[in-house]
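File shown: structure-v1.pdb. Contents: PDB, C-alpha atoms.
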```pdb
ATOM      1  CA  MET A   1      85.072 -24.192  84.519
ATOM      2  CA  THR A   2      84.306 -20.657  85.667
ATOM      3  CA  SER A   3      83.831 -17.424  83.755
ATOM      4  CA  ALA A   4      82.826 -13.800  84.164
ATOM      5  CA  TRP A   5      79.264 -15.087  83.844
ATOM      6  CA  GLY A   6      79.654 -17.316  86.902
ATOM      7  CA  GLY A   7      79.872 -20.617  85.021
ATOM      8  CA  SER A   8      77.121 -22.775  83.614
ATOM      9  CA  GLN A   9      74.930 -22.356  86.707
ATOM     10  CA  VAL A  10      74.216 -18.756  85.784
ATOM     11  CA  LEU A  11      73.802 -19.544  82.093
ATOM     12  CA  ALA A  12      71.313 -22.300  82.894
ATOM     13  CA  ALA A  13      69.144 -20.028  85.035
ATOM     14  CA  SER A  14      66.636 -19.707  82.222
ATOM     15  CA  VAL A  15      66.421 -20.250  78.492
ATOM     16  CA  SER A  16      65.305 -16.657  78.064
ATOM     17  CA  ARG A  17      68.553 -15.429  79.600
ATOM     18  CA  VAL A  18      70.653 -17.830  77.519
ATOM     19  CA  THR A  19      69.234 -16.415  74.308
ATOM     20  CA  SER A  20      70.839 -13.079  75.144
ATOM     21  CA  VAL A  21      74.263 -14.548  75.918
ATOM     22  CA  PRO A  22      77.061 -13.664  73.443
ATOM     23  CA  ASP A  23      78.448 -16.519  71.364
ATOM     24  CA  GLU A  24      81.703 -16.731  73.320
ATOM     25  CA  HIS A  25      79.921 -17.164  76.651
ATOM     26  CA  LEU A  26      77.480 -19.604  75.083
ATOM     27  CA  GLY A  27      80.500 -21.707  74.159
ATOM     28  CA  LEU A  28      81.656 -21.750  77.766
ATOM     29  CA  GLY A  29      78.268 -22.978  78.959
ATOM     30  CA  PHE A  30      78.152 -25.593  76.206
ATOM     31  CA  ALA A  31      81.560 -26.931  77.199
ATOM     32  CA  ASP A  32      80.371 -27.036  80.820
ATOM     33  CA  GLY A  33      77.483 -29.308  79.843
ATOM     34  CA  ASP A  34      74.664 -26.767  80.066
ATOM     35  CA  GLU A  35      71.703 -28.236  78.150
ATOM     36  CA  ALA A  36      70.142 -24.796  77.770
ATOM     37  CA  CYS A  37      73.231 -23.821  75.814
ATOM     38  CA  LEU A  38      72.806 -26.862  73.580
ATOM     39  CA  ASN A  39      69.240 -25.793  72.814
ATOM     40  CA  GLU A  40      70.386 -22.277  72.096
ATOM     41  CA  ALA A  41      73.214 -23.483  69.853
ATOM     42  CA  TYR A  42      70.671 -25.450  67.836
ATOM     43  CA  ARG A  43      68.387 -22.411  67.644
ATOM     44  CA  ARG A  44      71.203 -20.224  66.382
ATOM     45  CA  TRP A  45      72.935 -22.541  63.955
ATOM     46  CA  GLY A  46      70.641 -25.492  63.275
ATOM     47  CA  ALA A  47      69.262 -23.911  60.094
ATOM     48  CA  LEU A  48      72.790 -23.153  58.865
ATOM     49  CA  VAL A  49      73.907 -26.733  59.462
ATOM     50  CA  PHE A  50      70.842 -28.039  57.622
ATOM     51  CA  THR A  51      71.377 -25.673  54.694
ATOM     52  CA  VAL A  52      75.010 -26.684  54.263
ATOM     53  CA  ALA A  53      74.139 -30.392  54.481
ATOM     54  CA  ALA A  54      71.215 -30.086  52.058
ATOM     55  CA  ARG A  55      73.322 -28.180  49.535
ATOM     56  CA  ARG A  56      76.096 -30.771  49.637
ATOM     57  CA  LEU A  57      73.883 -33.853  49.740
ATOM     58  CA  GLY A  58      70.999 -32.690  47.553
ATOM     59  CA  ASP A  59      68.591 -34.570  49.802
ATOM     60  CA  THR A  60      66.543 -32.789  52.471
ATOM     61  CA  GLU A  61      65.719 -35.955  54.420
ATOM     62  CA  GLU A  62      69.356 -36.984  54.564
ATOM     63  CA  ALA A  63      70.263 -33.414  55.522
ATOM     64  CA  LYS A  64      67.848 -33.647  58.468
ATOM     65  CA  ASP A  65      69.580 -36.828  59.608
ATOM     66  CA  VAL A  66      72.994 -35.194  59.312
ATOM     67  CA  THR A  67      71.827 -32.102  61.219
ATOM     68  CA  GLN A  68      70.692 -34.296  64.097
ATOM     69  CA  GLN A  69      73.964 -36.242  63.986
ATOM     70  CA  VAL A  70      75.948 -32.989  64.123
ATOM     71  CA  PHE A  71      74.339 -31.694  67.302
ATOM     72  CA  VAL A  72      74.222 -35.097  68.981
ATOM     73  CA  GLY A  73      77.876 -35.581  68.122
ATOM     74  CA  ALA A  74      78.790 -32.092  69.303
ATOM     75  CA  TRP A  75      77.031 -32.606  72.609
ATOM     76  CA  ARG A  76      78.537 -36.020  73.252
ATOM     77  CA  GLY A  77      81.985 -34.752  72.294
ATOM     78  CA  ARG A  78      81.723 -31.398  74.061
ATOM     79  CA  THR A  79      84.717 -32.210  76.270
ATOM     80  CA  GLY A  80      86.785 -31.937  73.097
ATOM     81  CA  TYR A  81      85.681 -28.359  72.525
ATOM     82  CA  ASP A  82      88.003 -25.640  73.836
ATOM     83  CA  PRO A  83      86.382 -22.170  73.763
ATOM     84  CA  ARG A  84      89.854 -20.612  73.856
ATOM     85  CA  ARG A  85      90.726 -22.100  70.475
ATOM     86  CA  GLY A  86      87.710 -20.938  68.520
ATOM     87  CA  SER A  87      84.015 -20.168  68.530
ATOM     88  CA  LEU A  88      81.350 -22.775  69.148
ATOM     89  CA  LYS A  89      79.846 -21.978  65.760
ATOM     90  CA  THR A  90      83.130 -22.715  63.962
ATOM     91  CA  TRP A  91      83.537 -25.972  65.892
ATOM     92  CA  ILE A  92      79.997 -27.078  65.050
ATOM     93  CA  MET A  93      80.482 -26.260  61.368
ATOM     94  CA  GLY A  94      83.664 -28.326  61.387
ATOM     95  CA  ILE A  95      81.636 -31.268  62.672
ATOM     96  CA  THR A  96      79.058 -30.546  59.983
ATOM     97  CA  HIS A  97      81.595 -30.885  57.176
ATOM     98  CA  ARG A  98      82.867 -34.162  58.613
ATOM     99  CA  LYS A  99      79.364 -35.605  58.975
ATOM    100  CA  VAL A 100      78.501 -34.588  55.406
ATOM    101  CA  ALA A 101      81.694 -36.229  54.158
ATOM    102  CA  ASP A 102      80.784 -39.386  56.083
ATOM    103  CA  ALA A 103      77.302 -39.377  54.523
ATOM    104  CA  LEU A 104      78.755 -39.028  51.020
ATOM    105  CA  THR A 105      81.190 -41.871  51.700
ATOM    106  CA  ARG A 106      78.358 -44.132  52.914
ATOM    107  CA  ARG A 107      76.311 -43.199  49.858
ATOM    108  CA  SER A 108      79.170 -44.059  47.492
ATOM    109  CA  ARG A 109      79.744 -47.367  49.248
ATOM    110  CA  GLN A 110      76.061 -48.261  49.042
ATOM    111  CA  VAL A 111      75.940 -47.336  45.346
ATOM    112  CA  ARG A 112      78.918 -49.600  44.671
ATOM    113  CA  ASP A 113      77.282 -52.409  46.610
ATOM    114  CA  VAL A 114      74.013 -52.028  44.723
ATOM    115  CA  GLU A 115      75.827 -52.005  41.390
ATOM    116  CA  ALA A 116      77.921 -55.035  42.360
ATOM    117  CA  VAL A 117      74.848 -57.080  43.208
ATOM    118  CA  ALA A 118      72.593 -55.646  40.498
ATOM    119  CA  VAL A 119      75.030 -56.699  37.778
ATOM    120  CA  VAL A 120      73.866 -60.286  38.264
ATOM    121  CA  THR A 121      70.185 -59.462  38.650
ATOM    122  CA  VAL A 122      69.527 -57.569  35.413
ATOM    123  CA  PRO A 123      70.303 -58.371  31.758
ATOM    124  CA  ASP A 124      73.632 -56.965  30.542
ATOM    125  CA  HIS A 125      73.026 -57.384  26.785
ATOM    126  CA  GLY A 126      76.181 -59.389  26.282
ATOM    127  CA  GLN A 127      78.587 -56.980  27.948
ATOM    128  CA  ARG A 128      79.635 -59.390  30.712
ATOM    129  CA  GLN A 129      82.201 -62.050  29.929
ATOM    130  CA  THR A 130      80.164 -64.898  31.369
ATOM    131  CA  SER A 131      78.308 -67.804  29.844
ATOM    132  CA  PRO A 132      74.498 -67.946  29.763
ATOM    133  CA  SER A 133      74.583 -70.719  32.348
ATOM    134  CA  ASP A 134      76.626 -68.517  34.700
ATOM    135  CA  SER A 135      74.109 -65.706  34.370
ATOM    136  CA  VAL A 136      71.229 -68.042  35.087
ATOM    137  CA  VAL A 137      72.961 -69.430  38.173
ATOM    138  CA  ASP A 138      73.749 -65.921  39.417
ATOM    139  CA  CYS A 139      70.160 -64.791  38.990
ATOM    140  CA  VAL A 140      68.870 -67.883  40.753
ATOM    141  CA  LEU A 141      71.278 -67.318  43.652
ATOM    142  CA  VAL A 142      70.303 -63.678  44.067
ATOM    143  CA  THR A 143      66.603 -64.425  43.774
ATOM    144  CA  ASP A 144      66.918 -67.256  46.268
ATOM    145  CA  GLU A 145      68.837 -65.096  48.735
ATOM    146  CA  LEU A 146      66.391 -62.206  48.358
ATOM    147  CA  GLU A 147      63.582 -64.523  49.348
ATOM    148  CA  ARG A 148      65.443 -65.364  52.570
ATOM    149  CA  LEU A 149      65.372 -61.721  53.659
ATOM    150  CA  SER A 150      62.587 -60.047  55.580
ATOM    151  CA  GLU A 151      59.685 -58.729  53.536
ATOM    152  CA  GLU A 152      60.744 -55.106  54.016
ATOM    153  CA  GLN A 153      64.352 -55.843  53.023
ATOM    154  CA  GLN A 154      63.130 -57.637  49.919
ATOM    155  CA  THR A 155      60.946 -54.685  48.979
ATOM    156  CA  VAL A 156      63.733 -52.145  49.455
ATOM    157  CA  LEU A 157      66.318 -54.086  47.465
ATOM    158  CA  ARG A 158      63.942 -54.986  44.636
ATOM    159  CA  LEU A 159      63.037 -51.318  44.222
ATOM    160  CA  ALA A 160      66.738 -50.431  44.182
ATOM    161  CA  PHE A 161      67.725 -53.205  41.756
ATOM    162  CA  TYR A 162      64.811 -53.400  39.356
ATOM    163  CA  GLU A 163      63.385 -49.876  39.420
ATOM    164  CA  ASP A 164      66.656 -48.043  40.067
ATOM    165  CA  LEU A 165      65.110 -45.923  42.819
ATOM    166  CA  THR A 166      67.164 -43.869  45.257
ATOM    167  CA  GLN A 167      66.789 -44.455  48.984
ATOM    168  CA  THR A 168      64.745 -41.277  49.319
ATOM    169  CA  GLN A 169      62.428 -42.420  46.507
ATOM    170  CA  ILE A 170      62.101 -45.837  48.147
ATOM    171  CA  ALA A 171      61.163 -44.168  51.433
ATOM    172  CA  GLU A 172      58.498 -42.133  49.647
ATOM    173  CA  ARG A 173      57.182 -45.181  47.763
ATOM    174  CA  THR A 174      57.014 -47.473  50.788
ATOM    175  CA  GLY A 175      56.266 -44.963  53.534
ATOM    176  CA  LEU A 176      59.228 -46.242  55.546
ATOM    177  CA  PRO A 177      61.484 -43.765  57.367
ATOM    178  CA  LEU A 178      64.632 -42.965  55.387
ATOM    179  CA  GLY A 179      66.802 -44.316  58.193
ATOM    180  CA  THR A 180      64.939 -47.645  58.061
ATOM    181  CA  VAL A 181      65.415 -47.847  54.288
ATOM    182  CA  LYS A 182      69.142 -47.275  54.743
ATOM    183  CA  THR A 183      69.357 -49.984  57.392
ATOM    184  CA  HIS A 184      67.470 -52.524  55.260
ATOM    185  CA  THR A 185      69.642 -51.682  52.255
ATOM    186  CA  ARG A 186      72.903 -52.042  54.154
ATOM    187  CA  ARG A 187      72.002 -55.298  55.898
ATOM    188  CA  GLY A 188      70.435 -56.826  52.812
ATOM    189  CA  LEU A 189      73.417 -55.968  50.619
ATOM    190  CA  MET A 190      75.866 -57.357  53.159
ATOM    191  CA  ARG A 191      74.017 -60.652  53.176
ATOM    192  CA  LEU A 192      73.735 -60.832  49.397
ATOM    193  CA  LYS A 193      77.394 -59.997  48.862
ATOM    194  CA  LYS A 194      78.483 -62.600  51.373
ATOM    195  CA  ARG A 195      76.373 -65.260  49.670
ATOM    196  CA  LEU A 196      77.660 -64.344  46.200
ATOM    197  CA  GLU A 197      81.294 -64.237  47.347
ATOM    198  CA  VAL A 198      81.004 -67.676  48.930
ATOM    199  CA  ASP A 199      79.369 -69.085  45.831
ATOM    200  CA  GLY A 200      81.946 -67.446  43.595
ATOM    201  CA  GLU A 201      84.754 -69.167  45.483
ATOM    202  CA  ALA A 202      82.965 -72.493  45.241
ATOM    203  CA  ARG A 203      82.538 -72.333  41.476
TER     204      ARG A 203
END
```

For the file at hand, write its structure as structure tokens.
Amino acid sequence: MTSAWGGSQVLAASVSRVTSVPDEHLGLGFADGDEACLNEAYRRWGALVFTVAARRLGDTEEAKDVTQQVFVGAWRGRTGYDPRRGSLKTWIMGITHRKVADALTRRSRQVRDVEAVAVVTVPDHGQRQTSPSDSVVDCVLVTDELERLSEEQQTVLRLAFYEDLTQTQIAERTGLPLGTVKTHTRRGLMRLKKRLEVDGEAR
């Protein structure tokens, strides 16, 4: 791709020169694969992306993750960006809204998974239509399966089930990175659900 600015070679001459490039020419360099333009795009709009994500998610750590995902995704998918169809800023904000929506969907799925498993790990005060023996068996199964997990997965899931902590709170309590907490939660829940589903079919 060429432009009045001589293509990405001219734009990449120095970061100091890129910072003075108008948005439309920055978009051309970005589409050409100019890493200096990626850095400049982050400098210009990274705070905006973070602010939008934090406002929608209500979690600064998760917003940081989403901000990183937005720019990584934009860079990897830069061949899909056409400067003639819109500004780079608008394109990046479109990615931002999609990544936030994805994060909310994952959060909802994880909440449902936690609730589905937690229903057999905590007393329900007679609200469930199961016999006492069923409840005992369920609790034994969950406890047994928890003990098969790694120590960190056990810790994360116990804090979620028994103390009703959010993933951010678990990260703060344990000192684990938020991304690690999410991974342990997802893998642990998948294993627990699989075990409970198999047992439910057998009974």

Give as a PDB file with C-alpha atoms, in the frame of the given file the residues that the PyMOL selection byres ((chain A and resi 96) around 12) matches when applied to the coordinates above.
```pdb
ATOM      1  CA  TRP A  45      72.935 -22.541  63.955  1.00  0.00           C
ATOM      2  CA  GLY A  46      70.641 -25.492  63.275  1.00  0.00           C
ATOM      3  CA  ALA A  47      69.262 -23.911  60.094  1.00  0.00           C
ATOM      4  CA  LEU A  48      72.790 -23.153  58.865  1.00  0.00           C
ATOM      5  CA  VAL A  49      73.907 -26.733  59.462  1.00  0.00           C
ATOM      6  CA  PHE A  50      70.842 -28.039  57.622  1.00  0.00           C
ATOM      7  CA  THR A  51      71.377 -25.673  54.694  1.00  0.00           C
ATOM      8  CA  VAL A  52      75.010 -26.684  54.263  1.00  0.00           C
ATOM      9  CA  ALA A  53      74.139 -30.392  54.481  1.00  0.00           C
ATOM     10  CA  ALA A  54      71.215 -30.086  52.058  1.00  0.00           C
ATOM     11  CA  ARG A  56      76.096 -30.771  49.637  1.00  0.00           C
ATOM     12  CA  LEU A  57      73.883 -33.853  49.740  1.00  0.00           C
ATOM     13  CA  ALA A  63      70.263 -33.414  55.522  1.00  0.00           C
ATOM     14  CA  LYS A  64      67.848 -33.647  58.468  1.00  0.00           C
ATOM     15  CA  ASP A  65      69.580 -36.828  59.608  1.00  0.00           C
ATOM     16  CA  VAL A  66      72.994 -35.194  59.312  1.00  0.00           C
ATOM     17  CA  THR A  67      71.827 -32.102  61.219  1.00  0.00           C
ATOM     18  CA  GLN A  68      70.692 -34.296  64.097  1.00  0.00           C
ATOM     19  CA  GLN A  69      73.964 -36.242  63.986  1.00  0.00           C
ATOM     20  CA  VAL A  70      75.948 -32.989  64.123  1.00  0.00           C
ATOM     21  CA  PHE A  71      74.339 -31.694  67.302  1.00  0.00           C
ATOM     22  CA  VAL A  72      74.222 -35.097  68.981  1.00  0.00           C
ATOM     23  CA  GLY A  73      77.876 -35.581  68.122  1.00  0.00           C
ATOM     24  CA  ALA A  74      78.790 -32.092  69.303  1.00  0.00           C
ATOM     25  CA  LYS A  89      79.846 -21.978  65.760  1.00  0.00           C
ATOM     26  CA  THR A  90      83.130 -22.715  63.962  1.00  0.00           C
ATOM     27  CA  TRP A  91      83.537 -25.972  65.892  1.00  0.00           C
ATOM     28  CA  ILE A  92      79.997 -27.078  65.050  1.00  0.00           C
ATOM     29  CA  MET A  93      80.482 -26.260  61.368  1.00  0.00           C
ATOM     30  CA  GLY A  94      83.664 -28.326  61.387  1.00  0.00           C
ATOM     31  CA  ILE A  95      81.636 -31.268  62.672  1.00  0.00           C
ATOM     32  CA  HIS A  97      81.595 -30.885  57.176  1.00  0.00           C
ATOM     33  CA  ARG A  98      82.867 -34.162  58.613  1.00  0.00           C
ATOM     34  CA  LYS A  99      79.364 -35.605  58.975  1.00  0.00           C
ATOM     35  CA  VAL A 100      78.501 -34.588  55.406  1.00  0.00           C
ATOM     36  CA  ALA A 101      81.694 -36.229  54.158  1.00  0.00           C
ATOM     37  CA  ASP A 102      80.784 -39.386  56.083  1.00  0.00           C
ATOM     38  CA  ALA A 103      77.302 -39.377  54.523  1.00  0.00           C
TER      39      ALA A 103
END
```

Among listed residues A:Glu61, A:Gln169, A:Asp164, A:Gly188, nearest A:Glu147 (using all atoms listed in the file):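 So, comparing all the options, the nearest one is A:Gly188.
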
With a distance cut-off of 9 Å and all atoms listed in the file, select the neighbouring residues of A:Gly27, excluding the residue or stretch itself and same-chain residues fewer than 5 positions from it, and output the selection as an mmCIF file with C-alpha atoms, in the coordinates of the input.
```cif
data_model
loop_
_atom_site.group_PDB
_atom_site.id
_atom_site.type_symbol
_atom_site.label_atom_id
_atom_site.label_comp_id
_atom_site.auth_asym_id
_atom_site.auth_seq_id
_atom_site.Cartn_x
_atom_site.Cartn_y
_atom_site.Cartn_z
ATOM 1 C CA PRO A 22 77.061 -13.664 73.443
ATOM 2 C CA ASP A 32 80.371 -27.036 80.820
ATOM 3 C CA CYS A 37 73.231 -23.821 75.814
ATOM 4 C CA ALA A 41 73.214 -23.483 69.853
ATOM 5 C CA TYR A 81 85.681 -28.359 72.525
ATOM 6 C CA ASP A 82 88.003 -25.640 73.836
ATOM 7 C CA PRO A 83 86.382 -22.170 73.763
ATOM 8 C CA SER A 87 84.015 -20.168 68.530
ATOM 9 C CA LEU A 88 81.350 -22.775 69.148
ATOM 10 C CA LYS A 89 79.846 -21.978 65.760
#
```

Point (67.1, -45.4, 57.9), cut-off 12 Å, counting only C-alpha atoms, residues as a list in words: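 Taken together, the residues in range are Glu61, Glu62, Lys64, Asp65, Val66, Gln153, Val156, Gln167, Thr168, Ile170, Ala171, Gly175, Leu176, Pro177, Leu178, Gly179, Thr180, Val181, Lys182, Thr183, His184, Thr185, Arg186 and Arg187 of chain A.
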
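In this structure, atom CA of A:Gly86 sits 26.7 Å away from atom CA of A:Leu104.
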
Distance of atom CA of A:Gly58 from atom CA of A:Arg78, expressed in Å to one decimal place: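 Distance between the two atoms: 28.6 Å.
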
Between atom CA of A:Arg106 and atom CA of A:Tyr162 - distance in Å to one decimal: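 Atom-to-atom, atom CA of A:Tyr162 and atom CA of A:Arg106 are spaced 21.3 Å apart.
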
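Of the residues listed (A:Arg55, A:Arg44, A:Arg85, A:Arg191), A:Arg191 shows the shortest atom-to-atom separation from A:Ser150; distances use only C-alpha atoms.
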